[in-house]
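*Asks:* So that you have it, the file is protein.txt, and it contains compact mmCIF, C-alpha atoms and all ligand atoms:
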# COMPACT_ATOMS: atom_id res chain seq x y z
CA MET A 1 179.16 41.21 13.65
CA ARG A 2 181.02 39.26 16.32
CA LYS A 3 182.47 41.58 18.97
CA LYS A 4 185.53 40.99 21.15
CA ILE A 5 184.48 41.74 24.70
CA LEU A 6 186.54 42.03 27.87
CA VAL A 7 184.78 41.22 31.15
CA THR A 8 186.84 42.07 34.22
CA GLY A 9 185.74 40.15 37.30
CA GLY A 10 184.38 37.55 34.88
CA ALA A 11 185.01 34.61 37.22
CA GLY A 12 182.77 36.13 39.90
CA PHE A 13 179.05 35.71 40.53
CA LEU A 14 177.71 38.36 38.11
CA GLY A 15 180.70 38.24 35.75
CA SER A 16 180.33 34.52 35.06
CA HIS A 17 176.66 34.97 34.11
CA LEU A 18 177.60 37.93 31.91
CA CYS A 19 180.36 35.96 30.10
CA GLU A 20 177.92 33.11 29.53
CA ARG A 21 175.26 35.41 28.04
CA LEU A 22 177.72 37.33 25.82
CA LEU A 23 179.03 34.02 24.43
CA LYS A 24 175.45 32.84 23.78
CA GLU A 25 174.93 35.99 21.75
CA GLY A 26 177.86 34.93 19.52
CA ASN A 27 180.61 37.20 20.85
CA LYS A 28 184.22 36.45 21.71
CA VAL A 29 184.80 36.91 25.43
CA LEU A 30 188.02 37.56 27.31
CA CYS A 31 187.47 37.03 31.03
CA VAL A 32 190.07 38.72 33.24
CA ASP A 33 190.09 37.97 36.96
CA ASN A 34 192.60 37.67 39.80
CA LEU A 35 190.43 34.99 41.47
CA PHE A 36 190.29 36.86 44.78
CA THR A 37 186.57 36.26 45.35
CA GLY A 38 185.78 34.57 42.04
CA SER A 39 186.57 31.03 41.08
CA LYS A 40 187.40 28.96 38.01
CA ASP A 41 184.47 26.70 39.04
CA ASN A 42 182.12 29.52 37.96
CA ILE A 43 183.49 29.51 34.40
CA MET A 44 184.65 25.90 34.03
CA HIS A 45 181.72 25.14 31.71
CA LEU A 46 182.86 27.92 29.34
CA PHE A 47 186.41 26.62 28.79
CA THR A 48 185.33 24.32 25.97
CA ASN A 49 183.88 27.27 24.03
CA LYS A 50 186.45 28.37 21.44
CA ASN A 51 185.23 31.97 21.75
CA PHE A 52 186.07 32.08 25.45
CA GLU A 53 189.44 32.94 26.93
CA PHE A 54 190.47 33.33 30.57
CA MET A 55 193.38 35.43 31.78
CA GLU A 56 194.45 35.54 35.42
CA HIS A 57 195.33 39.18 35.98
CA ASP A 58 194.90 41.89 38.61
CA ILE A 59 193.38 45.04 37.07
CA SER A 60 195.30 47.30 39.43
CA TYR A 61 198.15 46.62 36.99
CA PRO A 62 197.94 47.78 33.35
CA LEU A 63 196.49 45.44 30.76
CA TYR A 64 197.22 45.43 27.03
CA VAL A 65 194.68 43.47 24.98
CA ASP A 66 192.62 44.21 21.88
CA VAL A 67 188.84 44.40 22.45
CA ASP A 68 185.79 46.32 21.22
CA GLU A 69 183.96 46.59 24.54
CA ILE A 70 184.94 46.48 28.22
CA TYR A 71 182.60 45.55 31.07
CA ASN A 72 184.42 46.51 34.29
CA LEU A 73 183.07 44.33 37.10
CA ALA A 74 186.27 43.45 38.95
CA CYS A 75 185.98 44.34 42.64
CA PRO A 76 185.19 42.35 45.78
CA ALA A 77 181.52 43.11 46.47
CA SER A 78 180.67 41.83 49.93
CA PRO A 79 181.66 43.54 53.19
CA ILE A 80 183.53 40.44 54.45
CA TYR A 81 185.84 40.40 51.43
CA TYR A 82 186.18 44.10 50.64
CA GLN A 83 187.18 44.77 54.25
CA ILE A 84 189.97 42.12 54.30
CA ASP A 85 192.33 44.54 52.54
CA PRO A 86 190.50 47.87 52.23
CA ILE A 87 193.44 49.61 50.54
CA LYS A 88 193.50 46.92 47.87
CA THR A 89 189.72 47.40 47.43
CA ILE A 90 190.20 51.12 46.74
CA LYS A 91 193.11 50.34 44.40
CA THR A 92 190.93 47.94 42.44
CA SER A 93 188.14 50.51 42.01
CA VAL A 94 190.34 53.56 41.40
CA ILE A 95 193.61 52.38 39.81
CA GLY A 96 191.88 49.37 38.24
CA SER A 97 189.23 51.60 36.62
CA MET A 98 191.94 53.99 35.42
CA ASN A 99 193.86 51.10 33.84
CA MET A 100 190.70 49.94 32.07
CA LEU A 101 189.89 53.49 30.96
CA GLU A 102 193.43 53.91 29.59
CA LEU A 103 192.99 50.66 27.68
CA GLY A 104 189.60 51.86 26.38
CA LYS A 105 191.13 55.20 25.41
CA SER A 106 193.92 53.58 23.41
CA LEU A 107 191.49 51.25 21.59
CA GLY A 108 188.43 53.53 21.33
CA SER A 109 186.37 50.77 23.00
CA LYS A 110 183.01 51.25 24.66
CA MET A 111 183.21 50.94 28.45
CA LEU A 112 180.71 49.98 31.13
CA GLN A 113 181.35 50.45 34.84
CA ALA A 114 179.55 48.24 37.37
CA SER A 115 178.80 50.77 40.09
CA THR A 116 176.59 50.13 43.07
CA SER A 117 173.67 51.29 45.19
CA GLU A 118 176.33 51.72 47.89
CA VAL A 119 177.18 55.10 46.32
CA TYR A 120 173.95 56.25 48.06
CA GLY A 121 175.36 55.06 51.43
CA ASP A 122 172.75 55.07 54.22
CA PRO A 123 170.19 57.01 52.19
CA GLU A 124 167.96 59.83 53.48
CA ILE A 125 165.76 59.58 50.37
CA HIS A 126 163.61 56.56 49.66
CA PRO A 127 163.48 55.02 47.08
CA GLN A 128 166.78 56.22 45.65
CA PRO A 129 166.72 58.08 42.31
CA GLU A 130 169.91 58.50 40.27
CA ASP A 131 170.19 62.23 41.03
CA TYR A 132 170.37 61.60 44.80
CA ARG A 133 173.99 62.26 45.80
CA GLY A 134 174.07 59.89 48.72
CA CYS A 135 174.99 59.80 52.38
CA VAL A 136 178.30 57.97 52.67
CA ASN A 137 180.55 57.97 55.73
CA PRO A 138 183.94 58.65 54.07
CA ILE A 139 185.95 57.24 56.97
CA GLY A 140 183.82 54.24 57.94
CA PRO A 141 184.57 50.54 57.36
CA ARG A 142 182.42 50.46 54.18
CA ALA A 143 184.10 53.54 52.70
CA CYS A 144 186.83 51.60 50.85
CA TYR A 145 184.07 50.12 48.71
CA ASP A 146 181.59 53.02 48.57
CA GLU A 147 184.11 55.79 48.00
CA GLY A 148 186.16 53.64 45.62
CA LYS A 149 183.06 53.10 43.48
CA ARG A 150 182.14 56.80 43.69
CA CYS A 151 185.63 57.76 42.52
CA ALA A 152 185.40 55.21 39.68
CA GLU A 153 182.19 56.95 38.50
CA THR A 154 184.05 60.28 38.57
CA LEU A 155 186.90 58.81 36.53
CA PHE A 156 184.50 57.41 33.94
CA PHE A 157 182.86 60.82 33.51
CA ASP A 158 186.22 62.63 33.39
CA TYR A 159 187.49 60.29 30.66
CA TYR A 160 184.26 61.04 28.78
CA ARG A 161 184.61 64.81 29.22
CA GLN A 162 188.36 64.94 28.60
CA TYR A 163 188.81 62.25 25.92
CA ASN A 164 185.27 61.69 24.64
CA LEU A 165 185.37 58.04 25.66
CA LYS A 166 182.15 56.08 25.15
CA ILE A 167 181.14 55.34 28.74
CA LYS A 168 178.19 53.76 30.51
CA ILE A 169 177.56 53.53 34.25
CA ILE A 170 175.08 51.28 36.00
CA ARG A 171 174.31 51.26 39.72
CA ILE A 172 173.52 47.69 40.73
CA PHE A 173 171.23 47.00 43.71
CA ASN A 174 171.36 43.75 45.72
CA THR A 175 171.38 40.88 43.26
CA TYR A 176 171.17 37.16 44.02
CA GLY A 177 171.15 33.82 42.24
CA PRO A 178 173.17 30.70 41.49
CA ARG A 179 176.98 31.06 41.84
CA MET A 180 176.82 33.50 44.72
CA ASN A 181 179.86 32.74 46.84
CA PRO A 182 178.48 30.90 49.92
CA LYS A 183 181.39 32.23 52.00
CA ASP A 184 181.02 35.92 51.29
CA GLY A 185 178.38 36.54 53.94
CA ARG A 186 175.70 38.06 51.75
CA VAL A 187 172.25 37.77 53.21
CA VAL A 188 170.55 35.59 50.57
CA SER A 189 173.35 33.01 50.39
CA ASN A 190 173.85 33.03 54.18
CA PHE A 191 170.17 32.43 54.93
CA ILE A 192 169.74 29.71 52.28
CA VAL A 193 172.87 27.82 53.34
CA GLN A 194 171.95 28.13 57.04
CA ALA A 195 168.38 26.95 56.35
CA LEU A 196 169.51 23.98 54.23
CA LYS A 197 172.03 22.91 56.86
CA GLY A 198 169.54 23.35 59.71
CA GLU A 199 171.77 25.98 61.32
CA ASP A 200 170.54 29.13 63.08
CA ILE A 201 169.52 31.92 60.72
CA THR A 202 171.57 34.98 61.67
CA VAL A 203 169.54 38.18 61.43
CA TYR A 204 171.67 41.26 62.11
CA GLY A 205 169.96 43.96 64.17
CA ASP A 206 166.20 43.51 64.64
CA GLY A 207 165.74 42.58 60.97
CA SER A 208 163.65 45.67 60.19
CA GLN A 209 166.25 47.03 57.73
CA THR A 210 165.14 46.60 54.13
CA ARG A 211 166.71 45.51 50.85
CA SER A 212 165.27 44.97 47.36
CA PHE A 213 166.49 41.80 45.66
CA CYS A 214 167.00 41.36 41.91
CA TYR A 215 167.44 37.96 40.29
CA VAL A 216 170.70 37.64 38.34
CA ASP A 217 169.11 36.92 34.90
CA ASP A 218 167.12 40.15 35.06
CA LEU A 219 170.21 42.09 36.00
CA ILE A 220 172.26 40.65 33.13
CA ASP A 221 169.49 41.73 30.68
CA GLY A 222 169.78 45.24 32.10
CA ILE A 223 173.60 45.35 31.94
CA ILE A 224 173.68 44.28 28.29
CA SER A 225 170.84 46.67 27.32
CA MET A 226 172.85 49.49 28.86
CA MET A 227 176.03 48.61 26.95
CA ASN A 228 174.05 48.32 23.70
CA SER A 229 172.08 51.53 24.25
CA ASP A 230 172.63 54.72 22.28
CA ASP A 231 176.04 56.34 22.78
CA ASN A 232 174.41 59.40 24.35
CA ILE A 233 173.01 57.28 27.23
CA LEU A 234 175.80 57.45 29.78
CA GLY A 235 173.96 56.88 33.04
CA PRO A 236 174.29 56.40 35.90
CA VAL A 237 171.26 54.15 35.65
CA ASN A 238 169.87 52.19 38.61
CA LEU A 239 169.40 48.47 37.94
CA GLY A 240 167.57 46.50 40.58
CA ASN A 241 164.23 45.08 41.58
CA PRO A 242 162.12 47.64 43.46
CA GLU A 243 160.20 44.99 45.47
CA GLU A 244 161.37 45.74 48.99
CA TYR A 245 161.50 43.32 51.96
CA THR A 246 162.67 43.54 55.53
CA ILE A 247 165.52 41.18 56.34
CA LEU A 248 163.24 39.39 58.81
CA GLU A 249 160.65 38.83 56.05
CA LEU A 250 163.39 37.36 53.87
CA ALA A 251 164.53 35.04 56.70
CA ASN A 252 160.98 33.77 57.28
CA LYS A 253 160.40 33.27 53.55
CA ILE A 254 163.56 31.20 53.18
CA VAL A 255 162.77 29.08 56.25
CA GLN A 256 159.33 28.39 54.82
CA MET A 257 160.51 27.66 51.26
CA THR A 258 163.24 25.25 52.40
CA LYS A 259 160.91 23.68 55.02
CA SER A 260 163.81 24.19 57.42
CA LYS A 261 163.79 23.55 61.16
CA SER A 262 166.31 26.38 61.69
CA SER A 263 165.62 29.04 64.31
CA ILE A 264 166.11 32.74 63.75
CA ILE A 265 168.70 34.32 66.03
CA TYR A 266 169.69 37.98 66.32
CA LYS A 267 173.24 39.35 66.07
CA PRO A 268 174.53 42.95 66.25
CA LEU A 269 173.96 45.15 63.21
CA PRO A 270 177.30 45.91 61.51
CA LYS A 271 178.51 49.54 61.60
CA ASP A 272 177.12 51.79 58.85
CA ASP A 273 174.73 49.08 57.67
CA PRO A 274 172.11 50.97 55.57
CA LEU A 275 168.62 50.93 57.13
CA MET A 276 166.77 50.78 53.84
CA ARG A 277 167.43 50.39 50.16
CA GLN A 278 165.10 50.39 47.18
CA PRO A 279 165.92 51.43 43.63
CA GLN A 280 163.87 53.90 41.69
CA ILE A 281 164.00 52.38 38.22
CA GLU A 282 161.89 54.82 36.17
CA LEU A 283 164.99 55.87 34.20
CA ALA A 284 165.91 52.28 33.22
CA LYS A 285 162.28 51.64 32.21
CA ARG A 286 162.20 54.76 30.06
CA ILE A 287 165.58 54.69 28.35
CA LEU A 288 166.35 50.97 28.27
CA ASN A 289 162.83 49.60 28.24
CA TRP A 290 164.05 47.35 31.07
CA GLU A 291 162.43 46.15 34.24
CA PRO A 292 162.88 42.97 36.26
CA LYS A 293 160.51 40.11 35.50
CA ILE A 294 161.44 37.46 38.06
CA LYS A 295 159.58 37.54 41.36
CA LEU A 296 161.47 36.89 44.59
CA ASP A 297 159.82 33.49 45.18
CA GLU A 298 160.74 32.24 41.70
CA GLY A 299 164.33 33.49 41.97
CA LEU A 300 164.75 32.09 45.47
CA LYS A 301 163.48 28.70 44.28
CA LYS A 302 166.23 28.55 41.63
CA THR A 303 168.87 29.76 44.07
CA ILE A 304 167.82 27.25 46.74
CA GLY A 305 168.04 24.53 44.07
CA TYR A 306 171.60 25.59 43.25
CA PHE A 307 172.76 25.52 46.88
CA ASN A 308 170.93 22.25 47.48
CA ASP A 309 172.97 20.68 44.64
CA LEU A 310 176.21 22.03 46.15
CA LEU A 311 175.21 20.57 49.50
CA LYS A 312 174.54 17.15 47.93
CA GLU A 313 177.97 17.28 46.28
CA SER A 314 179.43 18.10 49.74
CA GLN A 315 180.68 21.45 48.45
CA LEU A 316 179.15 23.48 51.25
P1 LIG B 1 182.14 38.77 43.04
O1 LIG B 1 183.02 38.99 44.22
O2 LIG B 1 181.52 37.46 42.86
O3 LIG B 1 182.89 39.16 41.71
C1 LIG B 1 183.96 40.10 41.64
C2 LIG B 1 185.06 39.49 40.80
O4 LIG B 1 186.13 40.44 40.67
C3 LIG B 1 185.66 38.23 41.44
O5 LIG B 1 185.72 37.19 40.49
C4 LIG B 1 187.06 38.68 41.90
O6 LIG B 1 187.98 37.63 41.92
C5 LIG B 1 187.37 39.74 40.86
N1 LIG B 1 188.36 40.73 41.32
C6 LIG B 1 188.40 41.39 42.51
N2 LIG B 1 189.45 42.22 42.54
C7 LIG B 1 190.08 42.09 41.35
C8 LIG B 1 191.24 42.70 40.77
N3 LIG B 1 191.98 43.60 41.45
N4 LIG B 1 191.61 42.32 39.52
C9 LIG B 1 190.90 41.38 38.83
N5 LIG B 1 189.80 40.79 39.32
C10 LIG B 1 189.39 41.15 40.57
O7 LIG B 1 181.01 39.92 43.12
P2 LIG B 1 179.76 40.18 42.19
O8 LIG B 1 178.58 40.17 43.06
O9 LIG B 1 179.80 39.33 41.00
O10 LIG B 1 180.02 41.69 41.77
C11 LIG B 1 180.51 42.05 40.50
C12 LIG B 1 180.52 43.56 40.39
O11 LIG B 1 179.19 44.06 40.54
C13 LIG B 1 181.38 44.25 41.44
O12 LIG B 1 182.05 45.33 40.84
C14 LIG B 1 180.37 44.76 42.44
O13 LIG B 1 180.82 45.92 43.08
C15 LIG B 1 179.16 45.05 41.56
N6 LIG B 1 177.91 44.96 42.34
C16 LIG B 1 177.39 43.75 42.71
C17 LIG B 1 176.22 43.72 43.46
C18 LIG B 1 175.56 42.42 43.87
O14 LIG B 1 174.51 42.45 44.53
N7 LIG B 1 176.05 41.27 43.50
C19 LIG B 1 175.60 44.91 43.85
C20 LIG B 1 176.20 46.11 43.48
C21 LIG B 1 177.33 46.12 42.71
N1 LIG B 2 172.42 40.40 56.97
C1 LIG B 2 171.84 39.64 57.99
N2 LIG B 2 172.34 38.40 58.20
C2 LIG B 2 173.33 37.85 57.46
C3 LIG B 2 173.90 38.61 56.41
C4 LIG B 2 173.43 39.90 56.21
O1 LIG B 2 170.91 40.09 58.68
O2 LIG B 2 173.71 36.70 57.73
C5 LIG B 2 171.87 41.75 56.72
C6 LIG B 2 172.93 42.85 56.64
O3 LIG B 2 173.20 43.36 57.92
C7 LIG B 2 172.22 43.86 55.75
C8 LIG B 2 171.38 43.00 54.80
O4 LIG B 2 171.25 41.74 55.44
O5 LIG B 2 171.34 44.66 56.52
C9 LIG B 2 172.01 42.81 53.43
O6 LIG B 2 173.35 42.39 53.61
P1 LIG B 2 174.31 42.05 52.38
O7 LIG B 2 175.70 41.93 52.93
O8 LIG B 2 173.76 40.91 51.62
O9 LIG B 2 174.19 43.32 51.42
P2 LIG B 2 174.44 44.89 51.67
O10 LIG B 2 174.45 45.20 53.12
O11 LIG B 2 175.74 45.19 51.01
O12 LIG B 2 173.26 45.51 51.01
Would you put the structure from the file into structure tokens?
Ligand code: NAD
Ligand code: UDP

*Replies:*
Amino acid sequence: MRKKILVTGGAGFLGSHLCERLLKEGNKVLCVDNLFTGSKDNIMHLFTNKNFEFMEHDISYPLYVDVDEIYNLACPASPIYYQIDPIKTIKTSVIGSMNMLELGKSLGSKMLQASTSEVYGDPEIHPQPEDYRGCVNPIGPRACYDEGKRCAETLFFDYYRQYNLKIKIIRIFNTYGPRMNPKDGRVVSNFIVQALKGEDITVYGDGSQTRSFCYVDDLIDGIISMMNSDDNILGPVNLGNPEEYTILELANKIVQMTKSKSSIIYKPLPKDDPLMRQPQIELAKRILNWEPKIKLDEGLKKTIGYFNDLLKESQL
């Protein structure tokens, strides 16, 4: 049966891939976005689909629409953008989530919250399992994002306990792929764009900090499996690729794959930048039968291809 699905943040990097996949599966999709970090360019190809609708709206204000499922992805996700207006970032996570939960409560819809590995902060446990409660600086420059997302998780569980709402929470680890915003300063897009343009590759700190990178298609499989899982699977469930790399390894790999003449330069490490991050994904494997399939080299090749096309069209 065709479902009516709301995707908040649907004009962003992950949201646009999610809308695309849900439409392919035959659903009706309502994409709601205030276009702060997202763009109509990401969803332009979906406008001709009669099952797709776009609404420009800020989720920190109430929304009244009729849907069966809600994927709540709206929130700026990169430090550059979420720190522009930190109070707005918290509002989006906290008041925005509450507005979506109120909508879900009135309709009885199933709800999924896109949480983040940032709820673990600068972790003391490695890799991070879901029952690790994290090490977040509540007053640091990343707190508007981290604490906002932590509070959103609390709200989702309280709506479940108080109103028996059907909720799902996923914690997304660093994800990359086509349609990343080249201006949002994330490491994969920064390094690829710098390498393609022959500019210096900016490694922050000494490059020994680690991240584990998941290709977007794998992540979308995981998100949809979670929404479609049994109602008693609430999460939080980690979704990410456990293959871990230092940032310097990533820089060298991208230089080599793009055959770039760029040099690597070192810049100061931003405050509260986590030293390491790697998801433990045993839970997702067991309850969702999900694990990432796309290796970093294969995913980077596709992502480099995407940015190369943008460069040729003079869009970078
Ligand atoms: P993105 O910035 O590309 O997408 C976020 C979207 O939300 C944008 O289209 C933006 O315009 C929209 N938005 C922001 N504030 C809004 C508001 N108040 N009302 C309506 N729309 C609003 O980022 P992304 O990487 O696609 O991330 C999507 C979600 O996944 C975010 O919630 C993010 O926290 C989470 N996440 C992403 C990653 C990752 O590696 N990409 C990792 C962890 C968590
Ligand atoms: N980073 C870097 N150079 C850049 C952009 C990021 O060395 O041009 C580092 C950043 O300091 C962090 C890692 O890469 O240690 C991942 O950064 P990103 O913003 O992509 O994700 P997050 O820190 O939120 O995991």

*Asks:* Between A:Gly12, A:Asn34, A:Asp131, A:Gly96, which residue has the minimum interatomic distance to Pro62 (chain A), considering only C-alpha atoms?

*Replies:* A:Gly96

*Asks:* Considering only C-alpha atoms and all ligand atoms, give me a table of residues in chain A that are at most 7 Å from ligand LIG 2 (chain B), with the closest atom pair and distance in Å for each, as a Markdown table.

*Replies:*
| residue | atom | partner | partner_atom | distance |
| --- | --- | --- | --- | --- |
| A:Ser78 | CA | B:LIG2 | O7 | 5.8 |
| A:Pro79 | CA | B:LIG2 | O7 | 6.2 |
| A:Asn174 | CA | B:LIG2 | O12 | 5.9 |
| A:Gly185 | CA | B:LIG2 | C3 | 5.5 |
| A:Arg186 | CA | B:LIG2 | O8 | 3.5 |
| A:Val187 | CA | B:LIG2 | C3 | 3.7 |
| A:Val188 | CA | B:LIG2 | O8 | 6.3 |
| A:Asn190 | CA | B:LIG2 | O2 | 5.1 |
| A:Phe191 | CA | B:LIG2 | O2 | 6.2 |
| A:Thr202 | CA | B:LIG2 | O2 | 4.8 |
| A:Val203 | CA | B:LIG2 | O1 | 3.6 |
| A:Tyr204 | CA | B:LIG2 | O1 | 3.7 |
| A:Gly205 | CA | B:LIG2 | O1 | 6.8 |
| A:Gly207 | CA | B:LIG2 | O1 | 6.2 |
| A:Gln209 | CA | B:LIG2 | O5 | 5.7 |
| A:Thr210 | CA | B:LIG2 | O5 | 6.9 |
| A:Arg211 | CA | B:LIG2 | C9 | 6.5 |
| A:Ile247 | CA | B:LIG2 | O4 | 5.8 |
| A:Leu269 | CA | B:LIG2 | O3 | 5.6 |
| A:Pro270 | CA | B:LIG2 | O3 | 6.0 |
| A:Asp273 | CA | B:LIG2 | O5 | 5.7 |
| A:Pro274 | CA | B:LIG2 | O5 | 6.4 |
| A:Leu275 | CA | B:LIG2 | O5 | 6.9 |

*Asks:* Would you save the residues from that selection as a PDB file, in the coordinates of the input, using C-alpha atoms?

*Replies:*
ATOM      1  CA  SER A  78     180.670  41.830  49.930  1.00  0.00           C
ATOM      2  CA  PRO A  79     181.660  43.540  53.190  1.00  0.00           C
ATOM      3  CA  ASN A 174     171.360  43.750  45.720  1.00  0.00           C
ATOM      4  CA  GLY A 185     178.380  36.540  53.940  1.00  0.00           C
ATOM      5  CA  ARG A 186     175.700  38.060  51.750  1.00  0.00           C
ATOM      6  CA  VAL A 187     172.250  37.770  53.210  1.00  0.00           C
ATOM      7  CA  VAL A 188     170.550  35.590  50.570  1.00  0.00           C
ATOM      8  CA  ASN A 190     173.850  33.030  54.180  1.00  0.00           C
ATOM      9  CA  PHE A 191     170.170  32.430  54.930  1.00  0.00           C
ATOM     10  CA  THR A 202     171.570  34.980  61.670  1.00  0.00           C
ATOM     11  CA  VAL A 203     169.540  38.180  61.430  1.00  0.00           C
ATOM     12  CA  TYR A 204     171.670  41.260  62.110  1.00  0.00           C
ATOM     13  CA  GLY A 205     169.960  43.960  64.170  1.00  0.00           C
ATOM     14  CA  GLY A 207     165.740  42.580  60.970  1.00  0.00           C
ATOM     15  CA  GLN A 209     166.250  47.030  57.730  1.00  0.00           C
ATOM     16  CA  THR A 210     165.140  46.600  54.130  1.00  0.00           C
ATOM     17  CA  ARG A 211     166.710  45.510  50.850  1.00  0.00           C
ATOM     18  CA  ILE A 247     165.520  41.180  56.340  1.00  0.00           C
ATOM     19  CA  LEU A 269     173.960  45.150  63.210  1.00  0.00           C
ATOM     20  CA  PRO A 270     177.300  45.910  61.510  1.00  0.00           C
ATOM     21  CA  ASP A 273     174.730  49.080  57.670  1.00  0.00           C
ATOM     22  CA  PRO A 274     172.110  50.970  55.570  1.00  0.00           C
ATOM     23  CA  LEU A 275     168.620  50.930  57.130  1.00  0.00           C
TER      24      LEU A 275
END

*Asks:* Write out as a list in words each polymer residue whose atoms come within 10 Å of Asp231 (chain A), counting only C-alpha atoms; drop sequence neighbours fewer than 6 positions from it.

*Replies:*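 So, after excluding close chain neighbours, the residues are Lys110, Leu165, Lys166, Ile167 and Lys168 of chain A.
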
*Asks:* Using all atoms listed in the file, which protein or nucleic acid residues are at most 8 Å from ligand LIG 1 (chain B), as JSON, numbers by chain?

*Replies:* {"A": [8, 9, 10, 11, 12, 13, 14, 15, 16, 32, 33, 34, 35, 36, 37, 38, 39, 56, 57, 58, 59, 60, 72, 73, 74, 75, 76, 77, 78, 81, 88, 89, 91, 92, 93, 96, 113, 114, 115, 116, 117, 118, 145, 149, 171, 172, 173, 174, 175, 176, 179, 180, 181, 184]}

*Asks:* Based on the selection just made, write C-alpha atoms of those residues as a PDB file, in the frame of the given file.

*Replies:*
ATOM      1  CA  THR A   8     186.840  42.070  34.220  1.00  0.00           C
ATOM      2  CA  GLY A   9     185.740  40.150  37.300  1.00  0.00           C
ATOM      3  CA  GLY A  10     184.380  37.550  34.880  1.00  0.00           C
ATOM      4  CA  ALA A  11     185.010  34.610  37.220  1.00  0.00           C
ATOM      5  CA  GLY A  12     182.770  36.130  39.900  1.00  0.00           C
ATOM      6  CA  PHE A  13     179.050  35.710  40.530  1.00  0.00           C
ATOM      7  CA  LEU A  14     177.710  38.360  38.110  1.00  0.00           C
ATOM      8  CA  GLY A  15     180.700  38.240  35.750  1.00  0.00           C
ATOM      9  CA  SER A  16     180.330  34.520  35.060  1.00  0.00           C
ATOM     10  CA  VAL A  32     190.070  38.720  33.240  1.00  0.00           C
ATOM     11  CA  ASP A  33     190.090  37.970  36.960  1.00  0.00           C
ATOM     12  CA  ASN A  34     192.600  37.670  39.800  1.00  0.00           C
ATOM     13  CA  LEU A  35     190.430  34.990  41.470  1.00  0.00           C
ATOM     14  CA  PHE A  36     190.290  36.860  44.780  1.00  0.00           C
ATOM     15  CA  THR A  37     186.570  36.260  45.350  1.00  0.00           C
ATOM     16  CA  GLY A  38     185.780  34.570  42.040  1.00  0.00           C
ATOM     17  CA  SER A  39     186.570  31.030  41.080  1.00  0.00           C
ATOM     18  CA  GLU A  56     194.450  35.540  35.420  1.00  0.00           C
ATOM     19  CA  HIS A  57     195.330  39.180  35.980  1.00  0.00           C
ATOM     20  CA  ASP A  58     194.900  41.890  38.610  1.00  0.00           C
ATOM     21  CA  ILE A  59     193.380  45.040  37.070  1.00  0.00           C
ATOM     22  CA  SER A  60     195.300  47.300  39.430  1.00  0.00           C
ATOM     23  CA  ASN A  72     184.420  46.510  34.290  1.00  0.00           C
ATOM     24  CA  LEU A  73     183.070  44.330  37.100  1.00  0.00           C
ATOM     25  CA  ALA A  74     186.270  43.450  38.950  1.00  0.00           C
ATOM     26  CA  CYS A  75     185.980  44.340  42.640  1.00  0.00           C
ATOM     27  CA  PRO A  76     185.190  42.350  45.780  1.00  0.00           C
ATOM     28  CA  ALA A  77     181.520  43.110  46.470  1.00  0.00           C
ATOM     29  CA  SER A  78     180.670  41.830  49.930  1.00  0.00           C
ATOM     30  CA  TYR A  81     185.840  40.400  51.430  1.00  0.00           C
ATOM     31  CA  LYS A  88     193.500  46.920  47.870  1.00  0.00           C
ATOM     32  CA  THR A  89     189.720  47.400  47.430  1.00  0.00           C
ATOM     33  CA  LYS A  91     193.110  50.340  44.400  1.00  0.00           C
ATOM     34  CA  THR A  92     190.930  47.940  42.440  1.00  0.00           C
ATOM     35  CA  SER A  93     188.140  50.510  42.010  1.00  0.00           C
ATOM     36  CA  GLY A  96     191.880  49.370  38.240  1.00  0.00           C
ATOM     37  CA  GLN A 113     181.350  50.450  34.840  1.00  0.00           C
ATOM     38  CA  ALA A 114     179.550  48.240  37.370  1.00  0.00           C
ATOM     39  CA  SER A 115     178.800  50.770  40.090  1.00  0.00           C
ATOM     40  CA  THR A 116     176.590  50.130  43.070  1.00  0.00           C
ATOM     41  CA  SER A 117     173.670  51.290  45.190  1.00  0.00           C
ATOM     42  CA  GLU A 118     176.330  51.720  47.890  1.00  0.00           C
ATOM     43  CA  TYR A 145     184.070  50.120  48.710  1.00  0.00           C
ATOM     44  CA  LYS A 149     183.060  53.100  43.480  1.00  0.00           C
ATOM     45  CA  ARG A 171     174.310  51.260  39.720  1.00  0.00           C
ATOM     46  CA  ILE A 172     173.520  47.690  40.730  1.00  0.00           C
ATOM     47  CA  PHE A 173     171.230  47.000  43.710  1.00  0.00           C
ATOM     48  CA  ASN A 174     171.360  43.750  45.720  1.00  0.00           C
ATOM     49  CA  THR A 175     171.380  40.880  43.260  1.00  0.00           C
ATOM     50  CA  TYR A 176     171.170  37.160  44.020  1.00  0.00           C
ATOM     51  CA  ARG A 179     176.980  31.060  41.840  1.00  0.00           C
ATOM     52  CA  MET A 180     176.820  33.500  44.720  1.00  0.00           C
ATOM     53  CA  ASN A 181     179.860  32.740  46.840  1.00  0.00           C
ATOM     54  CA  ASP A 184     181.020  35.920  51.290  1.00  0.00           C
TER      55      ASP A 184
END

*Asks:* Quick one: everything within 12 Å of Glu25 (chain A), counting all atoms listed in the file, minus sequence neighbours fewer than 5 positions away in the same chain. Send it as a ChimeraX atom specification.

*Replies:* /A:1-5,18-20,51,221,224

*Asks:* Rounded to one decimal place, report the CA of Asp200 (chain A)-CA of Ser262 (chain A) distance in Å.

*Replies:* 5.2 Å

*Asks:* Could you tell me which of A:Phe157, A:Tyr120, A:Tyr82, A:Tyr215 comes closest to His17 (chain A) if we count all atoms listed in the file?

*Replies:*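 Comparing A:Phe157, A:Tyr120, A:Tyr82, A:Tyr215 against His17 (chain A), the winner is A:Tyr215.
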
*Asks:* Hey, what's within 8 Å of region 282-292 of chain A if we count only C-alpha atoms and toss same-chain stuff fewer than 3 positions away? As a PyMOL selection string, please?

*Replies:* chain A and resi 214-215+218-219+221-222+225-226+229+233+237-241
